[in-house]
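Containing compact mmCIF, C-alpha atoms and all ligand atoms: work-v8.txt.
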```txt
# COMPACT_ATOMS: atom_id res chain seq x y z
CA MET E 1 -53.88 20.99 26.93
CA ASP E 2 -51.61 23.95 27.56
CA ILE E 3 -48.15 22.96 26.33
CA ALA E 4 -46.34 24.23 29.44
CA LYS E 5 -48.64 22.09 31.60
CA GLU E 6 -48.11 19.05 29.38
CA ILE E 7 -44.31 19.47 29.64
CA GLU E 8 -44.46 19.82 33.39
CA GLU E 9 -46.48 16.62 33.76
CA LEU E 10 -44.23 14.74 31.38
CA THR E 11 -41.12 15.91 33.27
CA ASN E 12 -42.48 14.78 36.63
CA GLN E 13 -43.58 11.42 35.30
CA ALA E 14 -40.28 10.72 33.50
CA LEU E 15 -38.11 11.72 36.45
CA GLN E 16 -40.15 9.67 38.91
CA GLU E 17 -39.90 6.58 36.70
CA ILE E 18 -36.18 6.87 36.09
CA ALA E 19 -35.47 7.33 39.79
CA ALA E 20 -37.22 4.02 40.48
CA LEU E 21 -35.21 2.01 37.87
CA GLY E 22 -32.71 -0.55 39.14
CA GLU E 23 -31.43 -2.24 35.95
CA LEU E 24 -29.69 -1.21 32.74
CA LYS E 25 -32.14 -3.25 30.65
CA ALA E 26 -35.10 -1.31 32.10
CA LEU E 27 -33.28 1.94 31.42
CA GLU E 28 -33.32 1.15 27.69
CA GLY E 29 -37.11 0.81 27.88
CA TRP E 30 -37.31 4.20 29.58
CA ARG E 31 -35.14 5.72 26.82
CA VAL E 32 -37.42 4.37 24.09
CA LEU E 33 -40.52 5.58 25.94
CA TYR E 34 -39.34 9.12 26.66
CA LEU E 35 -36.73 9.89 24.01
CA GLY E 36 -37.53 7.41 21.21
CA LYS E 37 -38.96 8.20 17.76
CA LYS E 38 -42.53 7.50 18.90
CA SER E 39 -42.22 9.28 22.27
CA GLN E 40 -44.48 12.10 23.50
CA LEU E 41 -41.42 14.39 23.33
CA THR E 42 -40.91 13.69 19.60
CA GLY E 43 -44.63 14.41 19.09
CA LEU E 44 -44.23 17.74 20.88
CA LEU E 45 -41.18 18.68 18.79
CA ARG E 46 -42.99 17.81 15.55
CA GLY E 47 -46.07 19.76 16.64
CA LEU E 48 -44.10 23.00 17.12
CA ALA E 49 -44.37 23.85 13.43
CA GLN E 50 -48.17 23.90 13.66
CA LEU E 51 -48.29 26.40 16.57
CA PRO E 52 -49.04 30.09 15.92
CA VAL E 53 -45.82 32.11 15.60
CA GLU E 54 -46.33 33.99 18.87
CA GLU E 55 -46.50 30.73 20.86
CA ARG E 56 -43.84 28.83 18.93
CA ARG E 57 -40.76 30.47 20.42
CA ALA E 58 -41.68 29.91 24.08
CA ALA E 59 -43.00 26.39 23.42
CA GLY E 60 -39.80 25.54 21.48
CA ALA E 61 -37.59 26.68 24.35
CA LEU E 62 -39.56 24.60 26.89
CA THR E 63 -39.58 21.49 24.71
CA ASN E 64 -35.82 21.69 24.05
CA GLU E 65 -35.14 22.20 27.72
CA LEU E 66 -37.17 19.07 28.45
CA LYS E 67 -35.17 17.14 25.86
CA ARG E 68 -31.85 18.20 27.43
CA LEU E 69 -33.11 17.28 30.89
CA LEU E 70 -34.25 13.82 29.82
CA GLU E 71 -30.96 13.17 28.00
CA SER E 72 -28.79 14.21 30.94
CA SER E 73 -30.92 12.18 33.35
CA LEU E 74 -30.46 9.16 31.10
CA GLU E 75 -26.65 9.52 31.05
CA GLU E 76 -26.43 10.04 34.81
CA LYS E 77 -28.62 7.04 35.53
CA ARG E 78 -26.68 4.86 33.07
CA ALA E 79 -23.35 5.76 34.73
CA ALA E 80 -24.80 5.10 38.19
CA LEU E 81 -26.26 1.71 37.19
CA GLN E 82 -23.01 0.68 35.48
CA SER E 83 -20.87 1.43 38.54
CA ALA E 84 -23.41 -0.35 40.74
CA GLN E 85 -23.17 -3.38 38.44
CA VAL E 86 -19.33 -3.40 38.60
CA ALA E 87 -19.43 -3.02 42.38
CA ALA E 88 -21.89 -5.93 42.67
CA LEU E 89 -19.73 -8.18 40.48
CA GLN E 90 -16.68 -7.30 42.54
CA GLU E 91 -18.59 -8.06 45.68
CA GLN E 92 -19.49 -11.52 44.40
CA GLY E 93 -15.86 -12.08 43.35
CA ARG E 94 -16.83 -12.47 39.65
CA LEU E 95 -14.87 -9.45 38.44
CA ASP E 96 -11.12 -9.30 38.88
CA VAL E 97 -10.09 -5.80 37.87
CA THR E 98 -6.42 -6.73 38.27
CA LEU E 99 -6.55 -9.12 35.26
CA PRO E 100 -4.67 -7.78 32.20
CA GLY E 101 -6.95 -6.53 29.39
CA ARG E 102 -7.33 -8.43 26.13
CA PRO E 103 -4.70 -7.06 23.70
CA LEU E 104 -6.06 -5.54 20.50
CA LEU E 105 -4.66 -7.13 17.34
CA GLN E 106 -2.31 -4.65 15.76
CA GLY E 107 -1.77 -4.59 12.00
CA ARG E 108 1.64 -4.11 10.46
CA LEU E 109 3.19 -3.30 7.11
CA HIS E 110 3.65 -6.24 4.76
CA LEU E 111 7.28 -7.36 4.48
CA THR E 112 7.41 -6.28 0.83
CA THR E 113 6.10 -2.79 1.71
CA GLN E 114 8.74 -2.46 4.41
CA VAL E 115 11.52 -3.37 1.96
CA VAL E 116 10.13 -1.17 -0.84
CA ARG E 117 10.08 1.79 1.57
CA GLN E 118 13.58 1.06 2.80
CA ILE E 119 14.99 0.89 -0.74
CA CYS E 120 13.10 4.02 -1.87
CA ASP E 121 14.40 5.91 1.19
CA ILE E 122 17.97 5.06 0.21
CA PHE E 123 17.44 6.33 -3.34
CA LYS E 124 15.60 9.43 -2.09
CA SER E 125 18.64 10.28 -0.02
CA LEU E 126 20.72 9.94 -3.20
CA GLY E 127 18.56 12.53 -5.00
CA PHE E 128 15.96 10.29 -6.71
CA GLN E 129 12.21 10.99 -6.82
CA VAL E 130 9.68 8.16 -6.31
CA VAL E 131 7.00 7.79 -9.03
CA GLU E 132 4.48 5.07 -9.88
CA GLY E 133 2.86 3.88 -13.09
CA PRO E 134 0.15 1.62 -14.56
CA GLU E 135 0.22 -2.14 -14.13
CA VAL E 136 -1.90 -2.69 -17.26
CA GLU E 137 0.36 -1.45 -20.02
CA TRP E 138 0.56 -1.02 -23.77
CA ASP E 139 2.82 -3.33 -25.75
CA TYR E 140 4.55 -0.16 -26.95
CA TYR E 141 5.84 0.87 -23.51
CA ASN E 142 6.56 -2.62 -22.20
CA PHE E 143 8.41 -3.80 -25.33
CA GLU E 144 8.52 -1.69 -28.52
CA ALA E 145 9.88 1.53 -27.03
CA LEU E 146 12.49 -0.50 -25.15
CA ASN E 147 14.00 -1.86 -28.38
CA ILE E 148 12.04 -5.12 -28.20
CA PRO E 149 9.93 -5.18 -31.40
CA LYS E 150 7.50 -7.97 -32.26
CA ASP E 151 9.24 -11.29 -32.92
CA HIS E 152 12.43 -10.10 -31.21
CA PRO E 153 13.85 -13.14 -29.38
CA ALA E 154 14.32 -11.05 -26.21
CA ARG E 155 10.51 -11.15 -25.75
CA ASP E 156 11.04 -14.71 -24.53
CA MET E 157 12.81 -13.27 -21.46
CA TRP E 158 9.45 -11.96 -20.26
CA ASP E 159 6.54 -14.44 -20.46
CA THR E 160 3.50 -12.23 -20.80
CA PHE E 161 -0.13 -12.08 -19.66
CA TRP E 162 -1.92 -10.50 -22.63
CA VAL E 163 -5.11 -8.48 -22.23
CA ASP E 164 -7.43 -8.03 -25.22
CA TYR E 165 -8.25 -4.40 -25.78
CA THR E 166 -10.61 -3.42 -28.57
CA ASN E 167 -12.16 -0.05 -29.42
CA GLU E 168 -13.53 1.67 -32.58
CA GLN E 169 -10.00 1.82 -34.01
CA GLY E 170 -9.65 -1.97 -33.68
CA GLN E 171 -7.58 -4.12 -31.43
CA ARG E 172 -4.43 -2.86 -29.71
CA PRO E 173 -2.12 -5.13 -27.78
CA MET E 174 -2.25 -4.59 -24.01
CA LEU E 175 -0.63 -6.62 -21.27
CA LEU E 176 0.12 -6.82 -17.55
CA ARG E 177 3.53 -5.19 -17.37
CA THR E 178 6.29 -7.77 -17.15
CA HIS E 179 8.77 -5.33 -15.60
CA THR E 180 8.85 -1.73 -14.33
CA SER E 181 11.05 -0.61 -17.27
CA PRO E 182 8.09 0.81 -19.30
CA MET E 183 8.05 3.63 -16.76
CA GLN E 184 11.45 4.74 -18.10
CA ILE E 185 9.68 5.73 -21.33
CA ARG E 186 6.62 7.25 -19.64
CA VAL E 187 8.79 9.40 -17.36
CA MET E 188 11.07 10.61 -20.17
CA GLU E 189 8.11 11.40 -22.45
CA LYS E 190 6.74 13.76 -19.80
CA THR E 191 9.97 15.27 -18.41
CA SER E 192 12.95 17.12 -19.78
CA PRO E 193 16.34 16.09 -18.45
CA PRO E 194 17.77 15.99 -15.83
CA VAL E 195 15.78 12.94 -14.67
CA ARG E 196 16.35 10.93 -11.50
CA VAL E 197 13.49 8.59 -10.55
CA VAL E 198 12.84 5.26 -8.89
CA VAL E 199 9.63 3.36 -9.67
CA PRO E 200 8.38 0.67 -7.27
CA GLY E 201 5.49 -1.55 -8.33
CA LYS E 202 3.96 -4.93 -9.11
CA VAL E 203 4.91 -6.84 -12.24
CA TYR E 204 3.44 -10.02 -13.73
CA ARG E 205 4.95 -13.01 -15.54
CA TYR E 206 3.07 -15.85 -17.19
CA GLU E 207 5.32 -18.53 -15.78
CA ALA E 208 5.03 -21.54 -13.51
CA THR E 209 5.66 -20.63 -9.89
CA ASP E 210 8.34 -22.30 -7.79
CA ALA E 211 10.37 -21.49 -4.70
CA THR E 212 12.09 -18.56 -6.40
CA HIS E 213 9.51 -17.51 -9.02
CA GLU E 214 6.10 -15.91 -8.54
CA SER E 215 3.69 -14.86 -11.29
CA MET E 216 3.23 -11.52 -9.48
CA PHE E 217 6.15 -9.90 -7.72
CA TYR E 218 7.62 -6.43 -7.10
CA GLN E 219 10.37 -4.59 -8.90
CA ILE E 220 12.00 -1.22 -8.39
CA GLU E 221 13.19 0.57 -11.50
CA GLY E 222 15.76 3.36 -11.43
CA LEU E 223 16.57 5.92 -14.12
CA ALA E 224 19.02 8.83 -14.20
CA VAL E 225 19.53 10.95 -17.34
CA ASP E 226 21.60 14.11 -17.56
CA LYS E 227 24.53 15.69 -19.40
CA GLY E 228 27.77 13.82 -18.79
CA ILE E 229 26.42 10.72 -16.97
CA THR E 230 28.88 7.85 -17.37
CA PHE E 231 29.18 4.21 -16.43
CA ALA E 232 31.19 5.34 -13.38
CA ASP E 233 28.04 7.11 -12.09
CA LEU E 234 26.02 3.90 -12.52
CA LYS E 235 28.64 1.93 -10.62
CA GLY E 236 29.07 4.58 -7.91
CA CYS E 237 25.32 4.90 -7.35
CA LEU E 238 24.57 1.18 -7.18
CA PHE E 239 27.62 0.31 -5.04
CA GLU E 240 26.61 3.06 -2.60
CA PHE E 241 23.05 1.65 -2.60
CA ALA E 242 24.39 -1.84 -1.79
CA ARG E 243 26.63 -0.44 0.95
CA ARG E 244 23.68 1.33 2.60
CA LEU E 245 21.35 -1.67 2.23
CA TYR E 246 23.73 -4.42 3.31
CA GLY E 247 26.42 -2.58 5.29
CA PRO E 248 30.07 -1.87 4.46
CA ASP E 249 31.26 -5.48 4.77
CA ARG E 250 29.36 -6.89 1.77
CA LYS E 251 31.17 -7.11 -1.56
CA ALA E 252 29.41 -6.17 -4.81
CA ARG E 253 30.35 -6.98 -8.39
CA PHE E 254 29.22 -6.21 -11.93
CA ARG E 255 29.19 -8.73 -14.79
CA CYS E 256 28.17 -8.25 -18.42
CA ASP E 257 24.51 -8.99 -19.17
CA TYR E 258 22.16 -8.31 -22.05
CA PHE E 259 19.02 -6.17 -22.05
CA PRO E 260 17.95 -4.66 -25.40
CA PHE E 261 17.30 -1.23 -23.84
CA VAL E 262 20.81 -0.68 -22.43
CA GLU E 263 24.31 -0.68 -23.88
CA PRO E 264 26.40 -1.89 -22.16
CA GLY E 265 24.25 -4.03 -19.83
CA VAL E 266 25.27 -5.57 -16.53
CA GLU E 267 23.99 -7.68 -13.69
CA MET E 268 24.96 -6.74 -10.19
CA ALA E 269 25.57 -9.35 -7.52
CA ILE E 270 26.62 -9.26 -3.89
CA ASP E 271 28.63 -11.90 -2.06
CA CYS E 272 26.42 -14.56 -0.52
CA PHE E 273 25.13 -13.84 2.99
CA ALA E 274 25.11 -17.47 3.99
CA CYS E 275 28.65 -18.46 2.96
CA THR E 276 30.26 -14.99 2.48
CA GLY E 277 31.57 -16.03 -0.91
CA ALA E 278 32.75 -19.58 -0.23
CA GLY E 279 29.85 -21.18 -2.13
CA CYS E 280 26.70 -22.86 -0.77
CA ARG E 281 23.24 -24.12 -1.79
CA LEU E 282 21.73 -20.64 -1.51
CA CYS E 283 24.10 -19.12 -4.08
CA SER E 284 24.30 -22.30 -6.22
CA ASN E 285 27.94 -22.59 -5.16
CA THR E 286 28.95 -19.41 -6.96
CA GLY E 287 29.50 -17.30 -3.83
CA TRP E 288 27.45 -14.49 -5.45
CA ILE E 289 23.76 -13.61 -5.57
CA GLU E 290 22.35 -11.51 -8.40
CA ILE E 291 20.14 -8.68 -7.20
CA LEU E 292 19.53 -6.50 -10.24
CA GLY E 293 19.96 -5.80 -13.95
CA ALA E 294 21.29 -2.43 -15.11
CA GLY E 295 23.10 -0.54 -17.86
CA MET E 296 23.58 2.68 -19.81
CA VAL E 297 20.33 3.74 -21.50
CA HIS E 298 20.49 2.76 -25.18
CA PRO E 299 20.79 5.79 -27.56
CA ASP E 300 17.78 4.52 -29.57
CA VAL E 301 15.64 4.61 -26.41
CA LEU E 302 16.71 8.21 -25.78
CA ARG E 303 15.98 9.18 -29.40
CA ARG E 304 12.49 7.67 -29.17
CA VAL E 305 11.57 10.15 -26.41
CA ASN E 306 13.25 13.05 -28.25
CA TYR E 307 16.32 13.22 -26.01
CA ASP E 308 19.47 13.91 -28.03
CA PRO E 309 21.93 11.08 -27.21
CA GLU E 310 24.81 13.32 -28.31
CA VAL E 311 23.91 15.66 -25.42
CA TYR E 312 22.34 13.40 -22.82
CA THR E 313 23.35 10.04 -21.40
CA GLY E 314 21.84 7.99 -18.61
CA PHE E 315 21.80 4.79 -16.62
CA ALA E 316 18.94 2.54 -15.54
CA PHE E 317 18.47 -0.48 -13.31
CA GLY E 318 15.73 -2.86 -12.19
CA LEU E 319 15.75 -5.02 -9.07
CA GLY E 320 13.50 -7.81 -7.79
CA VAL E 321 12.26 -6.67 -4.37
CA GLU E 322 11.42 -10.05 -2.76
CA ARG E 323 14.93 -11.28 -3.42
CA ILE E 324 16.29 -8.80 -0.87
CA PRO E 325 14.38 -10.13 2.21
CA ILE E 326 14.60 -13.72 0.91
CA LEU E 327 18.34 -13.46 1.26
CA ARG E 328 18.33 -11.37 4.40
CA TYR E 329 16.07 -13.73 6.38
CA GLY E 330 16.75 -17.01 4.59
CA ILE E 331 13.09 -17.32 3.39
CA GLU E 332 12.85 -20.60 1.55
CA ASP E 333 9.85 -20.01 -0.72
CA ILE E 334 8.81 -16.77 -2.44
CA ARG E 335 5.18 -18.03 -2.55
CA LEU E 336 4.94 -17.40 1.21
CA PHE E 337 4.91 -13.65 0.53
CA TYR E 338 1.45 -13.52 -1.02
CA SER E 339 -0.38 -16.53 0.40
CA ASN E 340 -1.76 -14.49 3.34
CA ASP E 341 -0.51 -16.86 6.02
CA LEU E 342 -0.36 -14.74 9.18
CA ARG E 343 2.10 -17.16 10.81
CA PHE E 344 4.60 -16.10 8.13
CA LEU E 345 3.67 -12.42 7.88
CA LYS E 346 3.67 -11.79 11.65
CA GLN E 347 7.38 -12.53 11.88
CA PHE E 348 8.42 -9.30 10.19
C1 LIG B 401 17.64 -4.15 -16.68
C2 LIG B 401 18.33 -3.06 -17.22
C3 LIG B 401 17.81 -1.80 -17.00
O1 LIG B 401 18.45 -0.74 -17.55
C4 LIG B 401 16.66 -1.60 -16.27
C5 LIG B 401 15.96 -2.72 -15.73
C6 LIG B 401 16.46 -3.97 -15.93
C7 LIG B 401 15.72 -5.16 -15.38
C8 LIG B 401 14.76 -5.76 -16.41
N1 LIG B 401 13.64 -4.88 -16.66
C9 LIG B 401 14.21 -7.07 -15.86
O2 LIG B 401 13.03 -7.21 -15.60
N2 LIG B 401 15.12 -8.02 -15.68
S1 LIG B 401 14.79 -9.48 -15.06
O3 LIG B 401 13.82 -10.16 -15.87
O4 LIG B 401 16.05 -10.19 -14.90
O5 LIG B 401 14.14 -9.25 -13.66
C10 LIG B 401 14.80 -8.43 -12.68
C11 LIG B 401 14.72 -9.11 -11.31
O6 LIG B 401 13.39 -9.47 -11.02
C12 LIG B 401 15.51 -10.42 -11.24
O7 LIG B 401 16.87 -10.15 -10.94
C13 LIG B 401 14.81 -11.15 -10.12
O8 LIG B 401 15.32 -10.70 -8.88
C14 LIG B 401 13.39 -10.67 -10.24
N3 LIG B 401 12.53 -11.68 -10.89
C15 LIG B 401 12.48 -12.03 -12.19
N4 LIG B 401 11.53 -12.96 -12.40
C16 LIG B 401 10.95 -13.20 -11.20
C17 LIG B 401 11.59 -12.40 -10.23
N5 LIG B 401 11.23 -12.41 -8.92
C18 LIG B 401 10.21 -13.23 -8.58
N6 LIG B 401 9.53 -14.03 -9.45
C19 LIG B 401 9.86 -14.05 -10.75
N7 LIG B 401 9.15 -14.81 -11.60
```
Any chance you could put this one into structure tokens?
Ligand code: YSA
Amino acid sequence: MDIAKEIEELTNQALQEIAALGELKALEGWRVLYLGKKSQLTGLLRGLAQLPVEERRAAGALTNELKRLLESSLEEKRAALQSAQVAALQEQGRLDVTLPGRPLLQGRLHLTTQVVRQICDIFKSLGFQVVEGPEVEWDYYNFEALNIPKDHPARDMWDTFWVDYTNEQGQRPMLLRTHTSPMQIRVMEKTSPPVRVVVPGKVYRYEATDATHESMFYQIEGLAVDKGITFADLKGCLFEFARRLYGPDRKARFRCDYFPFVEPGVEMAIDCFACTGAGCRLCSNTGWIEILGAGMVHPDVLRRVNYDPEVYTGFAFGLGVERIPILRYGIEDIRLFYSNDLRFLKQF
């Protein structure tokens, strides 16, 4: 049959049928029949390639026009049937368009992410850059380069998940990083001073969990190295950080502490939120809550990354992230953070 004739007949037939349809379900049948993969229209489109060149252009234009017509008729009919359906439901009183819609569940940032961002923003405003590093780490970066050689008693401070790593050269000790401090070495190896970075990330400890200890938690490391950095800069920077995080009314203090990669080392504490220094269960009756470890970068650590300790000095610190919201909101168990209980997570 002449293709123009065939298209004309098909158009008339399709339009007559669609005009007679009264239900959305039947409309789907019409769509399959006239626009589906096995429809006459699809056959016509496929057949175009076999037509002689002189006929192909005109036949192609007619077939595409038919396709557009069928598609627009389908959309128009669908809209008309849908409004008729709504009107009928309203008529019967089964559709109350004044009812409020069902709210869509909205996701939110995890509490830890919120706090990490807040802390990083404070340090960014103090001139620090945010960088990240690997969670599976070499023994060298996690311990050796930080003045903690094998059999050093300080290794007991960080119970470790070891990972066996073997290649053609043999076995090399790998681990899940126990703190973010290895990034101090990685950053200094790659950068010349001045350095000012903070490093947020997960760390892992092979220890029993309890209300204040998780085997996976977050730390934020800080490192600043330059000419003429002194302990006063460390104190000024961290006290300013505490002031911005907790407000001007909180007190902060430093006390001596030991970490093999700093000299001198300190712990920083702030006065207890719950008792404002008087002593309570939360602060074990001390009136103070430790939030981070810090110190002046040890000269041997600087030498190991080819920084001359006669020219450059620096400070570093590492804080436990969960401890900040635990104290702020009085959260009683750190294990709530990562047990995926929406009743807990939705509160923040
Ligand atoms: C010290 C000096 C520096 O120059 C730089 C960094 C540091 C910190 C050191 N790398 C470190 O990890 N010290 S720490 O073992 O005392 O941990 C730091 C903080 O992590 C603690 O103050 C505590 O808030 C948190 N933390 C430790 N073990 C934890 C934990 N949080 C949850 N669960 C655990 N199991």
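Counting from CA of Tyr258 (chain E), the distance to CA of Ile326 (chain E) is 24.8 Å.
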- Query: By how many Å are CA of Leu282 (chain E) and CA of Leu327 (chain E) apart?
  - Reply: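 The value is 8.4 Å.
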CA of Asn142 (chain E) to CA of Val266 (chain E), straight-line distance in Å =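 So the answer is 19.8 Å.
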Could you give me, as a tab-separated table, every chain E residue with an atom at most 8 Å from ligand LIG 401 (chain B), plus its closest atom pair and distance in Å to one decimal, counting only C-alpha atoms and all ligand atoms, rows ordered by chain then number?
```
residue	atom	partner	partner_atom	distance
E:Met157	CA	B:LIG401	O3	6.5
E:Trp158	CA	B:LIG401	O3	6.5
E:Thr178	CA	B:LIG401	O2	6.9
E:His179	CA	B:LIG401	O2	4.7
E:Thr180	CA	B:LIG401	N1	6.2
E:Ser181	CA	B:LIG401	N1	5.0
E:Tyr204	CA	B:LIG401	N7	7.8
E:Arg205	CA	B:LIG401	N7	6.0
E:Glu207	CA	B:LIG401	N7	6.8
E:Thr209	CA	B:LIG401	N7	7.0
E:Thr212	CA	B:LIG401	N6	6.0
E:His213	CA	B:LIG401	N6	3.5
E:Glu214	CA	B:LIG401	N6	4.0
E:Ser215	CA	B:LIG401	N7	5.5
E:Met216	CA	B:LIG401	N6	6.8
E:Phe217	CA	B:LIG401	C18	5.3
E:Tyr218	CA	B:LIG401	N5	7.2
E:Gln219	CA	B:LIG401	O6	6.1
E:Glu221	CA	B:LIG401	C5	6.0
E:Gly222	CA	B:LIG401	C4	7.0
E:Leu223	CA	B:LIG401	O1	7.7
E:Phe259	CA	B:LIG401	C2	5.8
E:Phe261	CA	B:LIG401	O1	6.4
E:Val262	CA	B:LIG401	O1	5.4
E:Gly265	CA	B:LIG401	C2	6.5
E:Val266	CA	B:LIG401	C2	7.4
E:Glu267	CA	B:LIG401	C1	7.9
E:Glu290	CA	B:LIG401	O7	6.2
E:Ile291	CA	B:LIG401	O7	5.2
E:Leu292	CA	B:LIG401	O7	4.6
E:Gly293	CA	B:LIG401	C1	3.9
E:Ala294	CA	B:LIG401	C2	3.7
E:Gly295	CA	B:LIG401	O1	4.7
E:Met296	CA	B:LIG401	O1	6.6
E:Val297	CA	B:LIG401	O1	6.3
E:Phe315	CA	B:LIG401	O1	6.5
E:Ala316	CA	B:LIG401	O1	3.9
E:Phe317	CA	B:LIG401	C4	3.6
E:Gly318	CA	B:LIG401	C5	3.6
E:Leu319	CA	B:LIG401	C11	4.8
E:Gly320	CA	B:LIG401	O8	3.6
E:Val321	CA	B:LIG401	O8	6.8
E:Glu322	CA	B:LIG401	N5	6.6
E:Arg323	CA	B:LIG401	O8	5.5
E:Ile334	CA	B:LIG401	C18	7.2
```
Using only C-alpha atoms, the shortest atom-to-atom distance to Glu263 (chain E) among E:Leu146, E:Met183, E:Met188, E:Ala208 belongs to E:Leu146
If you count only C-alpha atoms, the residue of E:Thr98, E:Asn285, E:Thr313, E:Asn167 closest to Ala224 (chain E) turns out to be E:Thr313
Which residue out of E:Cys256, E:Gly93, E:Phe337, E:Trp288 has the minimum interatomic distance to Pro325 (chain E) when all atoms listed in the file are used?
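The shortest atom-to-atom distance to Pro325 (chain E) comes from E:Phe337.
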Spatial neighbours of Val305 (chain E), max dist 8 Å, all atoms listed in the file, sep filter under 2 positions, as a PyMOL selection string:
chain E and resi 185+188-189+301-303+307
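For Phe348 (chain E), the non-local neighbours within 9 Å, defined as residues at least 3 positions apart in the same chain or in other chains and counting all atoms listed in the file, are Arg108, Leu109, His110, Leu111, Gln114, Phe344 and Leu345 of chain E.
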Writer output for current selection, C-alpha atoms, as an mmCIF file, in the frame of the given file:
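Ended up saving to again.cif:
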```
data_model
loop_
_atom_site.group_PDB
_atom_site.id
_atom_site.type_symbol
_atom_site.label_atom_id
_atom_site.label_comp_id
_atom_site.auth_asym_id
_atom_site.auth_seq_id
_atom_site.Cartn_x
_atom_site.Cartn_y
_atom_site.Cartn_z
ATOM 1 C CA ARG E 108 1.640 -4.110 10.460
ATOM 2 C CA LEU E 109 3.190 -3.300 7.110
ATOM 3 C CA HIS E 110 3.650 -6.240 4.760
ATOM 4 C CA LEU E 111 7.280 -7.360 4.480
ATOM 5 C CA GLN E 114 8.740 -2.460 4.410
ATOM 6 C CA PHE E 344 4.600 -16.100 8.130
ATOM 7 C CA LEU E 345 3.670 -12.420 7.880
#
```
Choose the residue, out of E:Cys283, E:Ile220, E:Pro193, E:Glu75, that has the smallest atom-to-atom separation from Thr113 (chain E); count all atoms listed in the file.
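Selected residue with least distance to Thr113 (chain E): E:Ile220.
Considering only C-alpha atoms, the residue among E:Glu6, E:Glu71, E:Asp271, E:Glu137 positioned nearest to Arg250 (chain E) is E:Asp271.
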Would you pick out the contacts of Val130 (chain E) at 8 Å or less, using all atoms listed in the file, so that residues sharing its chain but fewer than 5 positions from it are not included, and give the list as a ChimeraX atom specification? /E:120,124,197-200
Of E:Glu132, E:Asp233, E:Asp139, E:Asp2, the one nearest to Pro173 (chain E) when counting all atoms listed in the file is E:Asp139
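The environment of Ala61 (chain E) within 12 Å, counting only C-alpha atoms and disregarding residues fewer than 5 places along the same chain, consists of Ile3, Ala4, Ile7, Leu44, Leu45, Leu48, Glu55, Arg56, Leu66, Lys67 and Arg68 of chain E.
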Take every atom of region 210-215 of chain E listed in the file, fit an axis-aligned box around them, add 3 Å per side, and give the centre and edge lengths in Å to one decimal as JSON.
```
{"center_x": 7.9, "center_y": -18.6, "center_z": -8.0, "size_x": 14.4, "size_y": 13.4, "size_z": 12.6}
```
Q: Find the residues around Glu240 (chain E) up to 12 Å (only C-alpha atoms counted), leave out those fewer than 2 positions away in its own chain, and share them as JSON, numbers by chain.
A: {"E": [119, 122, 123, 125, 126, 232, 233, 234, 235, 236, 237, 238, 242, 243, 244, 245, 246, 247, 248, 250, 251, 252]}
Show me that you can extract region 58-66 of chain E, keeping N, CA, C and O atoms, and write it as a PDB file, in the first residue's frame.
```pdb
ATOM      1  N   ALA E  58      10.226  12.052   2.025  1.00  0.00           N
ATOM      2  CA  ALA E  58       8.819  12.401   2.215  1.00  0.00           C
ATOM      3  C   ALA E  58       8.145  11.426   3.186  1.00  0.00           C
ATOM      4  O   ALA E  58       7.403  11.836   4.102  1.00  0.00           O
ATOM      5  N   ALA E  59       8.464  10.116   3.028  1.00  0.00           N
ATOM      6  CA  ALA E  59       7.842   9.115   3.906  1.00  0.00           C
ATOM      7  C   ALA E  59       8.285   9.331   5.350  1.00  0.00           C
ATOM      8  O   ALA E  59       7.490   9.213   6.307  1.00  0.00           O
ATOM      9  N   GLY E  60       9.578   9.700   5.531  1.00  0.00           N
ATOM     10  CA  GLY E  60      10.118   9.949   6.879  1.00  0.00           C
ATOM     11  C   GLY E  60       9.384  11.104   7.529  1.00  0.00           C
ATOM     12  O   GLY E  60       8.986  11.029   8.705  1.00  0.00           O
ATOM     13  N   ALA E  61       9.167  12.178   6.777  1.00  0.00           N
ATOM     14  CA  ALA E  61       8.501  13.354   7.342  1.00  0.00           C
ATOM     15  C   ALA E  61       7.083  12.989   7.788  1.00  0.00           C
ATOM     16  O   ALA E  61       6.652  13.333   8.887  1.00  0.00           O
ATOM     17  N   LEU E  62       6.368  12.226   6.934  1.00  0.00           N
ATOM     18  CA  LEU E  62       4.974  11.854   7.270  1.00  0.00           C
ATOM     19  C   LEU E  62       4.928  10.959   8.514  1.00  0.00           C
ATOM     20  O   LEU E  62       4.096  11.138   9.406  1.00  0.00           O
ATOM     21  N   THR E  63       5.853   9.999   8.552  1.00  0.00           N
ATOM     22  CA  THR E  63       5.846   9.047   9.683  1.00  0.00           C
ATOM     23  C   THR E  63       6.160   9.779  10.988  1.00  0.00           C
ATOM     24  O   THR E  63       5.536   9.523  12.027  1.00  0.00           O
ATOM     25  N   ASN E  64       7.129  10.702  10.950  1.00  0.00           N
ATOM     26  CA  ASN E  64       7.477  11.439  12.177  1.00  0.00           C
ATOM     27  C   ASN E  64       6.344  12.355  12.610  1.00  0.00           C
ATOM     28  O   ASN E  64       6.098  12.520  13.808  1.00  0.00           O
ATOM     29  N   GLU E  65       5.658  12.908  11.633  1.00  0.00           N
ATOM     30  CA  GLU E  65       4.522  13.769  11.970  1.00  0.00           C
ATOM     31  C   GLU E  65       3.435  12.938  12.681  1.00  0.00           C
ATOM     32  O   GLU E  65       2.850  13.355  13.666  1.00  0.00           O
ATOM     33  N   LEU E  66       3.217  11.717  12.151  1.00  0.00           N
ATOM     34  CA  LEU E  66       2.242  10.826  12.771  1.00  0.00           C
ATOM     35  C   LEU E  66       2.635  10.522  14.216  1.00  0.00           C
ATOM     36  O   LEU E  66       1.815  10.558  15.129  1.00  0.00           O
TER      37      LEU E  66
END
```
